[in-house]
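Only one structure is covered here, and it is reproduced in the block below.
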Amino acid sequence: MSSHEKTLATGTKDDENGKLKTKQASLKLDGGYVPGVGSARNWITADGSSGFKAEPGRYHLYVGHFCPYCHRCLLTLTLKGLLHVVSIDVCSFRRHEERGCEFVPEIPGCTEDTVNGKKFIGDIYDMVGIKQRSIPVLWDKKTGTIVSNESAEIIRMLNCEFNEWAKESIDLYPPSLHDAEVIFVFVFVFVFVFVFVLVWSH
């Protein structure tokens with residue numbers, strides 16, 4: 001079986017040393033973009049039982065307008081009426097190879113890091129000893145740590161745990177969609193936003 005046939009059949013691919021790599025790594029080698037899984041996976045709860053209690057003014061969201069994963073977090077904040085509860089800073093599209101996205105307030109629509117005063121998103125990760133450099137990042141100003149960098153979980157927390165301060169009563173994650181249907185909804189929203197961003201950016 002050729003290397004290409006093996007990739008198609010098993011989702012793996014030989015590297016230069018003959019070792020198998022995952023399909024995700026293969027796509028990266030071929031120039032495709034494959035999002036990673038968030039490495040900070042804490043949870044905010046309304047009652048604080050998780051150690052992270054939902055409170056107005058306590059949490060801060062780092063985003064970038066060019067990122068579809070950030071877009072769905074911003075959409076959730078807006079639809080739920082929580083923009084007065086969770087503060088936001090916006091990274092620029094400038095990305096350092098090792099430090100990640102840069103805060104460049106001179107670029108329209110971008111801000112400085114108003115919470116930690118950092119230059120790159122990687123500097124924020126370094127504060128808690130995480131090597132990842134992705135956005136969005138949900139930061140806890142009270143404990144000085146990252147709550148989560150997994151957008152799918154951030155939007156669920158924003159939807160379900162901050163209702164005491166939400167200006168809108170809309171439920172973006174109703175119980176009837178907690179099973180298979182929610183996967184379709186998330187995929188649909190992601191694809192719609194991702195395509196929109198691609199078309200808009202070109």
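Residues are referred to by chain and number: the chain letter is A, B, ... according to the order shown in the structure tokens, the number counts from 1 in that chain, and ligands are numbered separately from 1 in the order shown.
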>> Just list as a VMD selection string whatever in segment 50-111 of chain A DSSP marks as strand (DSSP E or B).
In response: chain A and resid 53 59 to 64 87 to 91 95 to 96 100 to 102
>> If we count only C-alpha atoms and set the cut-off at 9 Å, which residues sit around segment 154-168 of chain A, ignoring sequence neighbours fewer than 2 positions away in its own chain? Please answer as an NGL selection string.
In response: :A and (43-47 or 53-56 or 72-77 or 79-85 or 136-138 or 147-152 or 170-173)
Residues just named, written with N, CA and C atoms as an mmCIF file, in the first residue's frame:
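Now in part_6.cif:
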```cif
data_model
loop_
_atom_site.group_PDB
_atom_site.id
_atom_site.type_symbol
_atom_site.label_atom_id
_atom_site.label_comp_id
_atom_site.auth_asym_id
_atom_site.auth_seq_id
_atom_site.Cartn_x
_atom_site.Cartn_y
_atom_site.Cartn_z
ATOM 1 N N TRP A 43 -14.714 25.032 34.414
ATOM 2 C CA TRP A 43 -16.117 25.326 34.168
ATOM 3 C C TRP A 43 -16.638 26.346 35.172
ATOM 4 N N ILE A 44 -17.348 27.344 34.671
ATOM 5 C CA ILE A 44 -18.011 28.321 35.520
ATOM 6 C C ILE A 44 -19.412 27.815 35.841
ATOM 7 N N THR A 45 -19.821 27.924 37.103
ATOM 8 C CA THR A 45 -21.176 27.525 37.491
ATOM 9 C C THR A 45 -21.858 28.664 38.233
ATOM 10 N N ALA A 46 -23.162 28.698 38.155
ATOM 11 C CA ALA A 46 -23.926 29.756 38.798
ATOM 12 C C ALA A 46 -23.765 29.725 40.314
ATOM 13 N N ASP A 47 -23.648 28.520 40.889
ATOM 14 C CA ASP A 47 -23.536 28.396 42.337
ATOM 15 C C ASP A 47 -22.096 28.347 42.842
ATOM 16 N N LYS A 53 -17.230 30.753 40.220
ATOM 17 C CA LYS A 53 -18.608 31.212 40.362
ATOM 18 C C LYS A 53 -18.926 32.302 39.341
ATOM 19 N N ALA A 54 -20.082 32.207 38.740
ATOM 20 C CA ALA A 54 -20.522 33.228 37.791
ATOM 21 C C ALA A 54 -20.750 34.532 38.546
ATOM 22 N N GLU A 55 -20.023 35.568 38.154
ATOM 23 C CA GLU A 55 -20.124 36.878 38.800
ATOM 24 C C GLU A 55 -19.926 37.961 37.752
ATOM 25 N N PRO A 56 -20.664 39.054 37.843
ATOM 26 C CA PRO A 56 -20.450 40.158 36.891
ATOM 27 C C PRO A 56 -19.120 40.840 37.146
ATOM 28 N N ARG A 72 -18.415 33.073 17.621
ATOM 29 C CA ARG A 72 -19.582 32.470 18.262
ATOM 30 C C ARG A 72 -19.631 32.814 19.753
ATOM 31 N N CYS A 73 -18.491 33.087 20.364
ATOM 32 C CA CYS A 73 -18.496 33.568 21.749
ATOM 33 C C CYS A 73 -19.082 34.974 21.820
ATOM 34 N N LEU A 74 -18.678 35.831 20.889
ATOM 35 C CA LEU A 74 -19.196 37.192 20.857
ATOM 36 C C LEU A 74 -20.690 37.209 20.531
ATOM 37 N N LEU A 75 -21.103 36.329 19.636
ATOM 38 C CA LEU A 75 -22.532 36.227 19.305
ATOM 39 C C LEU A 75 -23.340 35.817 20.530
ATOM 40 N N THR A 76 -22.809 34.871 21.295
ATOM 41 C CA THR A 76 -23.515 34.422 22.496
ATOM 42 C C THR A 76 -23.623 35.546 23.518
ATOM 43 N N LEU A 77 -22.530 36.266 23.743
ATOM 44 C CA LEU A 77 -22.557 37.401 24.669
ATOM 45 C C LEU A 77 -23.595 38.431 24.249
ATOM 46 N N LEU A 79 -26.283 38.046 22.079
ATOM 47 C CA LEU A 79 -27.654 37.527 22.080
ATOM 48 C C LEU A 79 -28.211 37.369 23.487
ATOM 49 N N LYS A 80 -27.348 37.009 24.426
ATOM 50 C CA LYS A 80 -27.794 36.848 25.811
ATOM 51 C C LYS A 80 -27.840 38.174 26.571
ATOM 52 N N GLY A 81 -27.264 39.225 26.001
ATOM 53 C CA GLY A 81 -27.223 40.508 26.690
ATOM 54 C C GLY A 81 -26.266 40.489 27.865
ATOM 55 N N LEU A 82 -25.054 39.987 27.628
ATOM 56 C CA LEU A 82 -24.064 39.848 28.690
ATOM 57 C C LEU A 82 -22.813 40.702 28.473
ATOM 58 N N LEU A 83 -22.882 41.637 27.554
ATOM 59 C CA LEU A 83 -21.711 42.456 27.257
ATOM 60 C C LEU A 83 -21.327 43.352 28.437
ATOM 61 N N HIS A 84 -22.256 43.582 29.361
ATOM 62 C CA HIS A 84 -21.961 44.377 30.553
ATOM 63 C C HIS A 84 -21.439 43.509 31.696
ATOM 64 N N VAL A 85 -21.431 42.199 31.498
ATOM 65 C CA VAL A 85 -21.043 41.255 32.547
ATOM 66 C C VAL A 85 -19.634 40.717 32.332
ATOM 67 N N PRO A 136 -10.467 31.733 21.329
ATOM 68 C CA PRO A 136 -10.651 32.647 22.455
ATOM 69 C C PRO A 136 -10.041 32.121 23.745
ATOM 70 N N VAL A 137 -9.873 33.048 24.683
ATOM 71 C CA VAL A 137 -9.415 32.704 26.030
ATOM 72 C C VAL A 137 -10.350 33.375 27.026
ATOM 73 N N LEU A 138 -10.916 32.583 27.921
ATOM 74 C CA LEU A 138 -11.769 33.124 28.984
ATOM 75 C C LEU A 138 -10.939 33.187 30.265
ATOM 76 N N VAL A 147 -9.777 30.153 32.550
ATOM 77 C CA VAL A 147 -10.883 29.241 32.815
ATOM 78 C C VAL A 147 -11.002 28.236 31.686
ATOM 79 N N SER A 148 -11.048 28.749 30.464
ATOM 80 C CA SER A 148 -11.235 27.862 29.314
ATOM 81 C C SER A 148 -10.735 28.523 28.039
ATOM 82 N N ASN A 149 -10.238 27.702 27.126
ATOM 83 C CA ASN A 149 -9.931 28.178 25.773
ATOM 84 C C ASN A 149 -10.611 27.291 24.740
ATOM 85 N N GLU A 150 -11.695 26.647 25.161
ATOM 86 C CA GLU A 150 -12.496 25.803 24.269
ATOM 87 C C GLU A 150 -13.809 26.523 23.988
ATOM 88 N N SER A 151 -13.957 27.053 22.776
ATOM 89 C CA SER A 151 -15.090 27.928 22.469
ATOM 90 C C SER A 151 -16.445 27.243 22.636
ATOM 91 N N ALA A 152 -16.537 25.964 22.301
ATOM 92 C CA ALA A 152 -17.809 25.252 22.422
ATOM 93 C C ALA A 152 -18.278 25.210 23.871
ATOM 94 N N ILE A 170 -33.387 34.470 26.243
ATOM 95 C CA ILE A 170 -33.223 33.443 25.225
ATOM 96 C C ILE A 170 -32.306 32.322 25.727
ATOM 97 N N ASP A 171 -32.683 31.079 25.422
ATOM 98 C CA ASP A 171 -31.868 29.912 25.760
ATOM 99 C C ASP A 171 -31.296 29.340 24.471
ATOM 100 N N LEU A 172 -29.997 29.493 24.285
ATOM 101 C CA LEU A 172 -29.340 29.023 23.069
ATOM 102 C C LEU A 172 -28.950 27.549 23.154
ATOM 103 N N TYR A 173 -29.202 26.933 24.308
ATOM 104 C CA TYR A 173 -28.845 25.526 24.491
ATOM 105 C C TYR A 173 -29.963 24.823 25.267
#
```
>> Using DSSP assignments from the backbone, pull out every residue in segment 89-190 of chain A that falls under helix (DSSP H, G or I) and give it to me as a VMD selection string.
In response: chain A and resid 121 to 127 151 to 160 175 to 177 180 to 190
Using N, CA, C and O atoms, can you export the residues from the last selection as a tab-separated table (two decimals), in the first residue's frame?
```
chain	number	residue	atom	x	y	z
A	121	ILE	N	-0.88	37.07	22.99
A	121	ILE	CA	-1.74	36.12	23.67
A	121	ILE	C	-0.91	35.02	24.33
A	121	ILE	O	-1.28	34.48	25.38
A	122	GLY	N	0.23	34.71	23.74
A	122	GLY	CA	1.12	33.71	24.32
A	122	GLY	C	1.63	34.11	25.70
A	122	GLY	O	1.91	33.25	26.55
A	123	ASP	N	1.77	35.41	25.94
A	123	ASP	CA	2.22	35.89	27.25
A	123	ASP	C	1.20	35.55	28.33
A	123	ASP	O	1.55	35.30	29.48
A	124	ILE	N	-0.07	35.56	27.96
A	124	ILE	CA	-1.14	35.22	28.90
A	124	ILE	C	-1.10	33.74	29.23
A	124	ILE	O	-1.23	33.34	30.40
A	125	TYR	N	-0.90	32.92	28.20
A	125	TYR	CA	-0.77	31.48	28.45
A	125	TYR	C	0.45	31.18	29.32
A	125	TYR	O	0.40	30.30	30.19
A	126	ASP	N	1.52	31.91	29.10
A	126	ASP	CA	2.74	31.68	29.89
A	126	ASP	C	2.52	31.97	31.38
A	126	ASP	O	3.19	31.40	32.24
A	127	MET	N	1.59	32.85	31.68
A	127	MET	CA	1.31	33.18	33.07
A	127	MET	C	0.80	31.98	33.86
A	127	MET	O	0.96	31.91	35.08
A	151	SER	N	-13.96	27.05	22.78
A	151	SER	CA	-15.09	27.93	22.47
A	151	SER	C	-16.44	27.24	22.64
A	151	SER	O	-17.41	27.87	23.07
A	152	ALA	N	-16.54	25.96	22.30
A	152	ALA	CA	-17.81	25.25	22.42
A	152	ALA	C	-18.28	25.21	23.87
A	152	ALA	O	-19.48	25.23	24.15
A	153	GLU	N	-17.33	25.15	24.81
A	153	GLU	CA	-17.69	25.12	26.22
A	153	GLU	C	-17.89	26.52	26.78
A	153	GLU	O	-18.72	26.73	27.67
A	154	ILE	N	-17.16	27.48	26.24
A	154	ILE	CA	-17.34	28.87	26.67
A	154	ILE	C	-18.75	29.34	26.37
A	154	ILE	O	-19.41	29.96	27.21
A	155	ILE	N	-19.25	29.05	25.18
A	155	ILE	CA	-20.59	29.53	24.82
A	155	ILE	C	-21.67	28.82	25.64
A	155	ILE	O	-22.71	29.42	25.93
A	156	ARG	N	-21.44	27.59	26.04
A	156	ARG	CA	-22.40	26.90	26.90
A	156	ARG	C	-22.41	27.51	28.30
A	156	ARG	O	-23.47	27.67	28.91
A	157	MET	N	-21.25	27.87	28.81
A	157	MET	CA	-21.19	28.53	30.12
A	157	MET	C	-21.88	29.89	30.07
A	157	MET	O	-22.65	30.24	30.98
A	158	LEU	N	-21.60	30.66	29.02
A	158	LEU	CA	-22.21	31.97	28.89
A	158	LEU	C	-23.73	31.87	28.77
A	158	LEU	O	-24.47	32.71	29.29
A	159	ASN	N	-24.20	30.83	28.12
A	159	ASN	CA	-25.62	30.65	27.92
A	159	ASN	C	-26.35	30.18	29.17
A	159	ASN	O	-27.45	30.62	29.46
A	160	CYS	N	-25.72	29.29	29.92
A	160	CYS	CA	-26.42	28.61	31.01
A	160	CYS	C	-26.14	29.15	32.42
A	160	CYS	O	-27.00	29.03	33.30
A	175	PRO	N	-32.75	22.08	26.60
A	175	PRO	CA	-32.62	20.64	26.88
A	175	PRO	C	-32.96	19.75	25.69
A	175	PRO	O	-32.39	18.68	25.52
A	176	SER	N	-33.90	20.19	24.86
A	176	SER	CA	-34.32	19.37	23.73
A	176	SER	C	-33.21	19.18	22.70
A	176	SER	O	-33.31	18.32	21.83
A	177	LEU	N	-32.18	20.03	22.79
A	177	LEU	CA	-31.09	19.94	21.83
A	177	LEU	C	-29.79	19.42	22.45
A	177	LEU	O	-28.73	19.50	21.84
A	180	ALA	N	-28.17	14.69	19.99
A	180	ALA	CA	-27.62	14.73	18.63
A	180	ALA	C	-27.90	16.05	17.91
A	180	ALA	O	-27.09	16.52	17.13
A	181	GLU	N	-29.06	16.66	18.20
A	181	GLU	CA	-29.43	17.86	17.47
A	181	GLU	C	-28.45	19.00	17.71
A	181	GLU	O	-28.21	19.83	16.83
A	182	VAL	N	-27.90	19.08	18.93
A	182	VAL	CA	-27.01	20.19	19.24
A	182	VAL	C	-25.75	20.14	18.39
A	182	VAL	O	-25.16	21.17	18.06
A	183	ILE	N	-25.33	18.93	18.03
A	183	ILE	CA	-24.15	18.80	17.17
A	183	ILE	C	-24.43	19.46	15.83
A	183	ILE	O	-23.60	20.19	15.29
A	184	PHE	N	-25.63	19.23	15.31
A	184	PHE	CA	-26.00	19.86	14.03
A	184	PHE	C	-26.01	21.37	14.15
A	184	PHE	O	-25.51	22.08	13.28
A	185	VAL	N	-26.56	21.88	15.25
A	185	VAL	CA	-26.64	23.33	15.44
A	185	VAL	C	-25.26	23.94	15.51
A	185	VAL	O	-24.96	24.94	14.86
A	186	PHE	N	-24.37	23.34	16.31
A	186	PHE	CA	-23.03	23.86	16.44
A	186	PHE	C	-22.30	23.84	15.11
A	186	PHE	O	-21.63	24.79	14.74
A	187	VAL	N	-22.43	22.73	14.38
A	187	VAL	CA	-21.76	22.61	13.10
A	187	VAL	C	-22.31	23.63	12.11
A	187	VAL	O	-21.56	24.30	11.40
A	188	PHE	N	-23.64	23.80	12.11
A	188	PHE	CA	-24.26	24.76	11.19
A	188	PHE	C	-23.78	26.18	11.47
A	188	PHE	O	-23.40	26.91	10.56
A	189	VAL	N	-23.80	26.56	12.75
A	189	VAL	CA	-23.37	27.91	13.13
A	189	VAL	C	-21.91	28.12	12.78
A	189	VAL	O	-21.51	29.15	12.24
A	190	PHE	N	-21.07	27.11	13.08
A	190	PHE	CA	-19.64	27.24	12.79
A	190	PHE	C	-19.40	27.40	11.29
A	190	PHE	O	-18.67	28.28	10.87
```
Compile a residue-level contact table for segment 38-59 of chain A against segment 105-117 of chain A at a cut-off of 12 Å, reporting for every qualifying residue the shortest atom pair and its distance in Å to one decimal, with only C-alpha atoms counted, rows ordered by chain and ascending number, as a tab-separated table.
```
residue	atom	partner	partner_atom	distance
A:Gly57	CA	A:Val115	CA	11.6
A:Arg58	CA	A:Val115	CA	11.0
A:Tyr59	CA	A:Val115	CA	10.1
```
Residues from last step as file, C-alpha atoms, as a tab-separated table (two decimals), in the first residue's frame:
```tsv
chain	number	residue	atom	x	y	z
A	57	GLY	CA	-17.11	41.79	36.17
A	58	ARG	CA	-15.05	38.78	37.19
A	59	TYR	CA	-14.38	37.24	33.77
```
> So what do you get for atom CA of Ile88 of chain A versus atom CA of His60 of chain A, distance-wise?
Replying inline: 5.6 Å
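Atom CA of Phe52 of chain A to atom CA of Ser87 of chain A spans 16.3 Å [interatomic distance, one decimal].
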